Structures are given as structure tokens and as C-alpha cells.
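Chemist: What follows is the file coords.cif, containing mmCIF, C-alpha atoms:
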data_data
#
loop_
_atom_site.label_atom_id
_atom_site.label_comp_id
_atom_site.auth_asym_id
_atom_site.auth_seq_id
_atom_site.Cartn_x
_atom_site.Cartn_y
_atom_site.Cartn_z
CA MET A 1 -26.88 26.48 0.99
CA TYR A 2 -23.67 24.66 1.90
CA ALA A 3 -21.96 27.93 2.82
CA LEU A 4 -24.92 28.95 4.97
CA VAL A 5 -24.87 25.69 6.93
CA VAL A 6 -21.08 25.88 7.47
CA ARG A 7 -21.15 29.50 8.63
CA LEU A 8 -24.11 28.84 10.94
CA ARG A 9 -22.29 25.90 12.53
CA ASN A 10 -19.17 28.00 13.09
CA TRP A 11 -21.28 30.79 14.59
CA PHE A 12 -22.81 28.33 17.09
CA TYR A 13 -19.28 27.45 18.24
CA ASP A 14 -18.10 31.08 18.23
CA VAL A 15 -20.93 32.24 20.54
CA GLY A 16 -20.78 29.17 22.78
CA ILE A 17 -24.01 27.40 21.82
CA PHE A 18 -21.83 24.47 20.70
CA LYS A 19 -18.94 23.82 23.09
CA SER A 20 -15.24 23.41 22.28
CA LYS A 21 -12.99 21.64 24.75
CA SER A 22 -9.40 22.46 25.68
CA TYR A 23 -6.91 19.96 27.09
CA PRO A 24 -3.96 20.06 29.50
CA THR A 25 -1.75 18.42 26.85
CA THR A 26 -0.52 20.85 24.21
CA THR A 27 -2.49 20.36 20.97
CA VAL A 28 -1.48 21.56 17.51
CA CYS A 29 -4.00 21.38 14.66
CA ILE A 30 -2.91 21.00 11.03
CA GLY A 31 -5.61 21.47 8.41
CA ASN A 32 -7.11 23.44 5.57
CA LEU A 33 -10.41 24.88 4.38
CA SER A 34 -10.61 22.77 1.23
CA VAL A 35 -11.27 19.09 0.51
CA GLY A 36 -7.59 18.27 -0.03
CA GLY A 37 -4.46 18.87 -2.02
CA THR A 38 -2.62 21.25 0.31
CA GLY A 39 -0.04 18.81 1.70
CA LYS A 40 -1.33 18.12 5.23
CA THR A 41 0.49 14.81 5.68
CA PRO A 42 3.95 16.09 4.62
CA MET A 43 3.42 19.08 6.94
CA THR A 44 2.51 16.80 9.85
CA GLU A 45 5.63 14.75 9.12
CA LEU A 46 7.71 17.93 9.10
CA LEU A 47 6.37 18.82 12.54
CA VAL A 48 7.16 15.34 13.87
CA ARG A 49 10.76 15.70 12.63
CA THR A 50 11.00 19.17 14.18
CA LEU A 51 9.60 18.25 17.60
CA ARG A 52 10.55 14.63 18.28
CA SER A 53 14.09 15.35 19.52
CA LYS A 54 12.78 17.57 22.34
CA TYR A 55 9.29 16.30 23.08
CA LYS A 56 7.22 13.15 23.27
CA VAL A 57 5.05 13.53 20.17
CA ALA A 58 1.75 11.85 19.34
CA VAL A 59 -0.20 12.20 16.09
CA LEU A 60 -3.97 11.79 16.09
CA SER A 61 -5.78 11.39 12.78
CA ARG A 62 -9.26 10.38 11.74
CA GLY A 63 -7.84 7.58 9.62
CA TYR A 64 -9.87 8.30 6.53
CA GLY A 65 -10.75 5.23 4.46
CA ARG A 66 -9.77 2.66 7.09
CA LYS A 67 -11.80 -0.51 7.61
CA SER A 68 -11.73 -0.32 11.42
CA SER A 69 -13.61 1.93 13.83
CA GLY A 70 -13.01 3.65 17.15
CA PHE A 71 -9.61 4.33 18.68
CA VAL A 72 -6.67 2.43 17.18
CA LEU A 73 -3.07 2.86 18.30
CA ALA A 74 -0.55 1.85 15.63
CA ASN A 75 1.94 -0.92 16.40
CA VAL A 76 4.31 -3.16 14.44
CA SER A 77 1.48 -5.50 13.40
CA THR A 78 -0.95 -2.76 12.31
CA THR A 79 -2.08 -2.83 8.67
CA VAL A 80 -2.99 0.02 6.35
CA THR A 81 -6.65 -1.05 6.39
CA GLU A 82 -6.77 -0.64 10.17
CA ILE A 83 -5.53 2.95 10.36
CA GLY A 84 -5.70 4.36 6.82
CA ASP A 85 -3.00 5.18 4.29
CA GLU A 86 -1.72 8.50 5.67
CA PRO A 87 -1.34 7.39 9.33
CA PHE A 88 0.26 4.15 8.09
CA GLN A 89 2.72 6.18 6.03
CA MET A 90 3.65 8.25 9.09
CA PHE A 91 4.03 5.22 11.34
CA SER A 92 6.29 3.58 8.73
CA LYS A 93 8.54 6.64 8.85
CA PHE A 94 8.38 7.30 12.60
CA PRO A 95 7.84 3.95 14.36
CA GLU A 96 9.24 5.42 17.57
CA SER A 97 6.48 8.07 17.63
CA THR A 98 2.86 7.51 18.66
CA ILE A 99 0.41 7.38 15.75
CA ALA A 100 -3.29 6.92 16.58
CA VAL A 101 -6.61 7.23 14.78
CA ASP A 102 -10.07 8.06 16.06
CA ALA A 103 -12.95 9.83 14.32
CA ASP A 104 -13.94 11.13 17.78
CA ARG A 105 -11.02 13.49 18.42
CA ARG A 106 -12.07 14.12 22.02
CA ASN A 107 -11.99 10.41 22.79
CA GLY A 108 -8.70 10.04 20.93
CA ILE A 109 -7.04 12.83 22.93
CA ALA A 110 -8.37 11.39 26.19
CA ARG A 111 -7.02 7.93 25.36
CA LEU A 112 -3.61 9.34 24.39
CA GLN A 113 -3.41 11.37 27.59
CA GLN A 114 -4.31 8.31 29.66
CA GLU A 115 -2.23 5.67 27.87
CA ILE A 116 0.74 7.54 26.35
CA LYS A 117 1.00 10.86 28.23
CA PRO A 118 2.60 12.76 25.33
CA ASP A 119 4.02 16.28 25.63
CA ILE A 120 2.26 17.37 22.45
CA ILE A 121 -0.52 15.98 20.24
CA LEU A 122 -0.59 16.82 16.53
CA LEU A 123 -4.18 16.81 15.25
CA ASP A 124 -3.93 15.86 11.59
CA ASP A 125 -6.68 17.34 9.38
CA ALA A 126 -8.70 18.74 12.28
CA PHE A 127 -9.28 22.39 11.36
CA GLN A 128 -13.03 21.78 10.96
CA HIS A 129 -13.24 19.72 14.17
CA ARG A 130 -14.55 22.49 16.41
CA LYS A 131 -15.28 20.15 19.34
CA VAL A 132 -11.58 20.51 20.22
CA ASN A 133 -10.03 23.91 20.92
CA PRO A 134 -6.34 23.53 19.95
CA ASP A 135 -3.54 25.60 21.45
CA PHE A 136 -2.03 26.28 18.03
CA SER A 137 -3.50 25.96 14.52
CA ILE A 138 -1.65 25.69 11.21
CA LEU A 139 -3.83 26.49 8.21
CA LEU A 140 -2.57 25.31 4.81
CA THR A 141 -3.62 26.77 1.47
CA ALA A 142 -2.19 25.86 -1.93
CA TYR A 143 -0.44 28.51 -4.02
CA HIS A 144 -2.47 27.70 -7.15
CA ASN A 145 -5.79 27.57 -5.28
CA LEU A 146 -5.78 30.03 -2.40
CA TYR A 147 -8.87 29.78 -0.21
CA VAL A 148 -9.66 33.44 -0.90
CA ASP A 149 -10.03 32.57 -4.62
CA ASP A 150 -12.01 29.37 -4.01
CA TRP A 151 -15.72 28.75 -3.46
CA TYR A 152 -17.83 26.36 -1.45
CA LEU A 153 -18.74 22.80 -2.36
CA PRO A 154 -20.01 21.63 -4.79
CA THR A 155 -19.06 24.61 -7.00
CA GLY A 156 -15.54 24.86 -5.57
CA ASP A 157 -13.38 22.93 -3.11
CA LEU A 158 -14.10 24.78 0.15
CA ARG A 159 -15.53 22.67 2.96
CA ASP A 160 -15.30 25.45 5.53
CA SER A 161 -16.01 29.16 5.65
CA LYS A 162 -13.36 31.57 4.41
CA GLN A 163 -13.89 33.51 7.65
CA ALA A 164 -12.72 30.41 9.54
CA ALA A 165 -9.19 31.26 8.42
CA SER A 166 -9.05 33.74 11.30
CA ARG A 167 -8.68 30.77 13.70
CA GLY A 168 -5.28 29.91 12.25
CA THR A 169 -2.21 30.84 14.27
CA VAL A 170 -0.02 30.39 11.20
CA ILE A 171 -1.12 30.38 7.55
CA ILE A 172 1.20 28.42 5.27
CA VAL A 173 0.98 28.82 1.51
CA THR A 174 2.11 25.45 0.13
CA LYS A 175 3.26 24.25 -3.30
CA CYS A 176 4.80 27.60 -4.21
CA PRO A 177 7.35 27.96 -7.02
CA PRO A 178 10.83 27.46 -5.50
CA ASP A 179 11.83 30.84 -6.97
CA LEU A 180 8.89 32.77 -5.50
CA THR A 181 9.89 36.43 -5.34
CA THR A 182 9.57 38.70 -2.31
CA LYS A 183 7.28 40.94 -4.36
CA LEU A 184 4.87 38.08 -5.07
CA GLN A 185 5.09 36.96 -1.45
CA LYS A 186 3.90 40.39 -0.33
CA ALA A 187 1.12 40.35 -2.93
CA ILE A 188 -0.17 37.00 -1.63
CA GLU A 189 -0.02 38.19 1.97
CA LYS A 190 -2.05 41.25 1.00
CA LYS A 191 -4.59 39.03 -0.74
CA LEU A 192 -4.93 36.74 2.28
CA ARG A 193 -5.38 39.71 4.62
CA PRO A 194 -4.08 37.96 7.77
CA LYS A 195 -5.24 39.11 11.19
CA PRO A 196 -2.73 40.94 13.44
CA HIS A 197 -2.07 37.73 15.39
CA GLN A 198 -1.35 35.64 12.29
CA ILE A 199 1.91 34.86 10.50
CA VAL A 200 2.03 33.89 6.81
CA LEU A 201 4.75 31.46 5.67
CA PHE A 202 5.56 29.89 2.29
CA THR A 203 6.73 26.42 1.26
CA TYR A 204 7.50 24.53 -1.94
CA LEU A 205 7.49 20.79 -2.60
CA SER A 206 10.85 19.06 -2.76
CA TYR A 207 10.94 15.69 -4.56
CA ARG A 208 13.61 13.12 -3.80
CA THR A 209 15.31 11.71 -6.88
CA LYS A 210 16.12 8.51 -4.97
CA LEU A 211 13.07 6.27 -5.22
CA GLY A 212 11.40 4.65 -2.23
CA GLY A 213 10.60 0.94 -2.11
CA ALA A 214 13.57 -0.05 -4.24
CA PRO A 215 15.78 -2.98 -3.14
CA HIS A 216 18.71 -1.02 -4.50
CA ASN A 217 19.44 2.69 -4.55
CA LEU A 218 17.57 3.56 -7.73
CA ASP A 219 17.48 7.08 -9.10
CA LEU A 220 14.57 8.54 -11.06
CA SER A 221 16.83 8.78 -14.11
CA TYR A 222 16.74 4.97 -14.28
CA PHE A 223 13.26 5.22 -15.83
CA LYS A 224 14.19 7.52 -18.69
CA GLY A 225 13.40 5.73 -21.92
CA LYS A 226 11.48 2.95 -20.14
CA LYS A 227 7.76 2.19 -20.18
CA VAL A 228 6.39 3.72 -16.98
CA THR A 229 2.92 3.86 -15.45
CA LEU A 230 2.18 6.58 -12.90
CA VAL A 231 -0.55 5.57 -10.45
CA THR A 232 -2.06 8.23 -8.19
CA GLY A 233 -4.88 8.22 -5.67
CA ILE A 234 -4.41 11.70 -4.24
CA ALA A 235 -6.42 14.91 -4.35
CA ASN A 236 -4.08 16.80 -6.69
CA PRO A 237 -1.45 14.86 -8.66
CA ALA A 238 -0.63 17.82 -10.95
CA PRO A 239 2.64 18.83 -9.18
CA LEU A 240 3.97 15.27 -9.36
CA VAL A 241 2.97 14.99 -13.03
CA THR A 242 4.81 18.24 -13.75
CA TYR A 243 7.90 17.10 -11.83
CA LEU A 244 8.14 13.78 -13.67
CA THR A 245 7.60 15.45 -17.04
CA GLN A 246 10.30 18.02 -16.34
CA SER A 247 12.60 15.20 -15.22
CA GLY A 248 12.34 13.62 -18.66
CA VAL A 249 10.32 10.56 -17.64
CA ALA A 250 7.63 9.54 -20.15
CA PHE A 251 4.63 7.79 -18.60
CA GLU A 252 0.99 6.89 -18.81
CA HIS A 253 -1.08 8.19 -15.91
CA LEU A 254 -3.76 6.17 -14.13
CA ALA A 255 -5.48 8.68 -11.83
CA TYR A 256 -7.86 7.55 -9.08
CA THR A 257 -9.73 9.43 -6.37
CA ASP A 258 -8.10 10.39 -3.07
CA HIS A 259 -7.56 7.46 -0.65
CA HIS A 260 -8.67 5.00 -3.35
CA PHE A 261 -8.60 1.33 -2.34
CA PHE A 262 -7.82 -0.71 -5.42
CA THR A 263 -10.21 -3.40 -6.65
CA LYS A 264 -9.11 -6.88 -7.73
CA LYS A 265 -9.67 -5.91 -11.36
CA GLU A 266 -7.50 -2.79 -10.98
CA ILE A 267 -4.76 -4.79 -9.28
CA GLU A 268 -4.79 -7.32 -12.11
CA LEU A 269 -4.37 -4.46 -14.58
CA LEU A 270 -1.46 -3.01 -12.61
CA LYS A 271 0.25 -6.40 -12.51
CA THR A 272 0.59 -6.20 -16.30
CA LYS A 273 2.60 -2.96 -16.06
CA PRO A 274 6.39 -3.43 -16.09
CA ASN A 275 7.30 -0.27 -14.12
CA ILE A 276 4.97 1.55 -11.74
CA LEU A 277 5.68 4.85 -10.04
CA THR A 278 3.33 6.13 -7.38
CA THR A 279 3.08 8.46 -4.38
CA GLU A 280 4.25 7.46 -0.94
CA LYS A 281 0.66 7.40 0.29
CA ASP A 282 -0.51 5.15 -2.54
CA TYR A 283 2.50 2.89 -2.02
CA THR A 284 1.15 1.89 1.41
CA ARG A 285 -1.88 0.35 -0.34
CA LEU A 286 -0.05 -1.16 -3.32
CA LYS A 287 3.25 -2.52 -2.03
CA ASP A 288 1.90 -5.91 -0.92
CA LEU A 289 -0.31 -6.35 -3.97
CA VAL A 290 1.81 -5.35 -6.97
CA GLU A 291 5.44 -5.96 -7.90
CA ASN A 292 7.66 -3.39 -9.63
CA VAL A 293 6.09 -0.48 -7.75
CA LEU A 294 8.26 2.35 -6.42
CA PHE A 295 7.34 5.71 -4.97
CA VAL A 296 8.45 9.32 -5.22
CA SER A 297 8.64 10.94 -1.79
CA ILE A 298 8.10 14.63 -1.10
CA GLU A 299 8.60 17.10 1.71
CA HIS A 300 7.88 20.75 2.36
CA ARG A 301 10.77 23.20 2.17
CA PHE A 302 10.28 26.67 3.59
CA LEU A 303 11.05 29.91 1.80
CA PHE A 304 12.17 33.21 3.38
CA ASN A 305 13.47 31.69 6.65
CA GLY A 306 10.01 30.27 7.35
CA LYS A 307 11.23 27.11 9.09
CA ALA A 308 13.10 29.09 11.76
CA ILE A 309 10.04 31.29 12.30
CA LEU A 310 7.74 28.29 12.74
CA GLU A 311 10.18 26.54 15.09
CA ALA A 312 10.40 29.68 17.21
CA GLN A 313 6.60 29.84 17.40
CA LEU A 314 6.36 26.20 18.48
CA ASN A 315 9.12 26.55 21.07
CA GLU A 316 7.36 29.60 22.50
CA LEU A 317 4.13 27.62 22.63
CA MET A 318 5.74 24.78 24.59
CA MET A 319 7.31 27.21 27.06
CA LYS A 320 3.95 28.88 27.76
CA ILE A 321 2.02 25.73 28.52
#
Using C-alpha cells, write down the structure from this file.

Modeler:
Amino acid sequence: MYALVVRLRNWFYDVGIFKSKSYPTTTVCIGNLSVGGTGKTPMTELLVRTLRSKYKVAVLSRGYGRKSSGFVLANVSTTVTEIGDEPFQMFSKFPESTIAVDADRRNGIARLQQEIKPDIILLDDAFQHRKVNPDFSILLTAYHNLYVDDWYLPTGDLRDSKQAASRGTVIIVTKCPPDLTTKLQKAIEKKLRPKPHQIVLFTYLSYRTKLGGAPHNLDLSYFKGKKVTLVTGIANPAPLVTYLTQSGVAFEHLAYTDHHFFTKKEIELLKTKPNILTTEKDYTRLKDLVENVLFVSIEHRFLFNGKAILEAQLNELMMKI
């Protein structure tokens, strides 16, 4: 039933019964077909780093889990509850860039065009938002859970039709093994069956050994032999768990749901823990509430010259429009 509703909605947009709107400002959509765990925020951050030296970049997100409503433009006094954890994380990293949230993407784009006049707007987690017709779409799918192997909610994790993948300009397979072979790359491409206009790229997650949030330059090795609590409120903490285990850090794991806002009782529990490691996203919600909390930051690294290919695609896009 869920699949039927999703495919019918997409068909209404495809045939023009429901209308999509294009904009004079270049728009790039970053998203996936599943409910999470593909690395959308690190990919959006990668795009900001790639584009900000040449163009005036704005990021527009829904701001999932925030306590505010409507259009909010981040500034130095903005809190995580006003814009949500992921936009707050991006604004903390790129304060010189424009970070905004609005559940109504059309209104958000209009406000950005009027107030900021950016060269390019990155639409974070907007693949399902058919009311906007982006100029360029990046579809993410995780190596261990390709959308072609997944199924629709509630049986699987898909929130959109598998056929919707054809709207992607670029398909990026994330969270690959760093030593992914060319043979396996070709096998995955064959499985995904990209359209003639689509390019398939591959990335792996790179973890920084230097910990964020530390007053001094602490390395992950500092926690070997210490009592550590890992706190996660993300869709798929498995890669981080694997990384810490392989790094020789022993820990207990307190796993919460994605975008979890911690209760007073949970905060009191965490205050009893001597050493807390968490994700960068969770750190935005914990740093003012709990002491002794540090985070492990990640970023996407491309395989097979993928970064140069993506940059060439984006530069070509900006020259056309």
C-alpha cells in the first residue's frame, strides 16, 4: 500500500497533474530513497567545501526535529533547537556560508533569492520534495543497503519508489570499503542499472583521529584502556562502532533514534559517565548539557577519481545556467 501511494504521487508529478517549479537560481538536490543512513549531511558539507571558493553558496534544509517553524536563517545567536542538529552542525563549520531551514522548500528558495541572492542553493534531503524541480540531483545509496536490494516502509527502509532513482543526475554509493575493487565497482553499477544520462560514483567514510570538542589536541588513542561511553542518535551507527572497535577503543554503546533530543533523565545518566564519545551531529545537542563529551568527525572520500568527475559536472552545470 505504501509503495502504491508513493508511485501514484510520483506519477502525478511526472505527467503534470501535480506541478514542479524551477528557479532562476541554480539548485542542487542531495537526497536518498531511504529513511536515512546514507551520509547526506557529510555530502552536503563536501559540496559546500567544493563550491564556496568560486560561488556564493546557500544551504536549505527542512531542519528536522527543530522547535521552530517557518523560514529561519542561521546567525551567530541561533541555537540547535531553532534550526535542527544537522543545519546547526553545518553552520558551525561554515559560518561564512548561508544556512537556512524551511519545511516549505518553495518559500525557502524564494526567501533566499530575495534576501541573500546566492549563486547556488543546495537542497539538503530534498529528493522526495517534488514541488521543486532542481537543476542537478545527487542520489545517495549505502553500499551495504543499496536501494535496489531494499523494500518499502514498513518492511524495509525505502520512503520513495525505486523508479525515482532515474531522476538522479549522479548516483553516489556511500560507505564503501576503502579497498573496493574495480571488479566490484562494475558489479554494483550493473546492479544499479543507471540510465544513459547518469553517472555512478563511489565514496568511503574517513574518520578523523583527532577528536572534536577537545580543549587540547586529543587523539582517539587517548581513550584506549579508559572507560568510554559511545552515544549515538543517528540512523546507522554501525560504521562508527566498527571504526572504534578496530581502533582498539573499548566502550559501552547507548544508541538512540535519529535526531533524538535527550530528556532530563537521559542527561543525568550521561553526566555520570567519565568519558563520552559521540557523533558530530549528536554533539550539537549534547555539548552544552554534558561535560567530558567529544566527537568523532567524518567526511566522504571518493574512489576512482570520483571527486574530479563530480567537480567537472558541477562546473559544467554552473556554466550552462

Chemist: Would you compute, for all listed atoms of stretch 37-47 of chain A, the axis-aligned bounding box grown by 3 Å on each side, and then report its centre and edge lengths in Å rounded to one decimal, as JSON?

Modeler:
{"center_x": 1.6, "center_y": 18.0, "center_z": 5.3, "size_x": 18.2, "size_y": 12.5, "size_z": 20.6}

Chemist: Considering only C-alpha atoms, can you say which of A:Gly65, A:Asp135, A:Leu180, A:Ala142 comes closest to A:Lys320?

Modeler: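 The closest residue to A:Lys320 is A:Asp135.
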
Chemist: Here's the selection I'm unsure about, the PyMOL selection byres ((chain A and resi 302) around 12); applied to the file above, which residues does it give, as a PyMOL selection string?

Modeler: chain A and resi 43+46+172-180+200-206+299-301+303-311

Chemist: So which residues get picked by the PyMOL selection byres ((chain A and resi 170) around 6) here, written as number ranges by chain?

Modeler: A: 138, 168-169, 171, 198-200

Chemist: Going by the chain IDs and residue numbers used in this file, which residues fall under the PyMOL selection byres ((chain A and resi 73) around 12)? Write them as number ranges by chain.

Modeler: A: 58-63, 68-72, 74-79, 82-84, 87-88, 91, 95, 97-102, 108-109, 111-112, 115-116
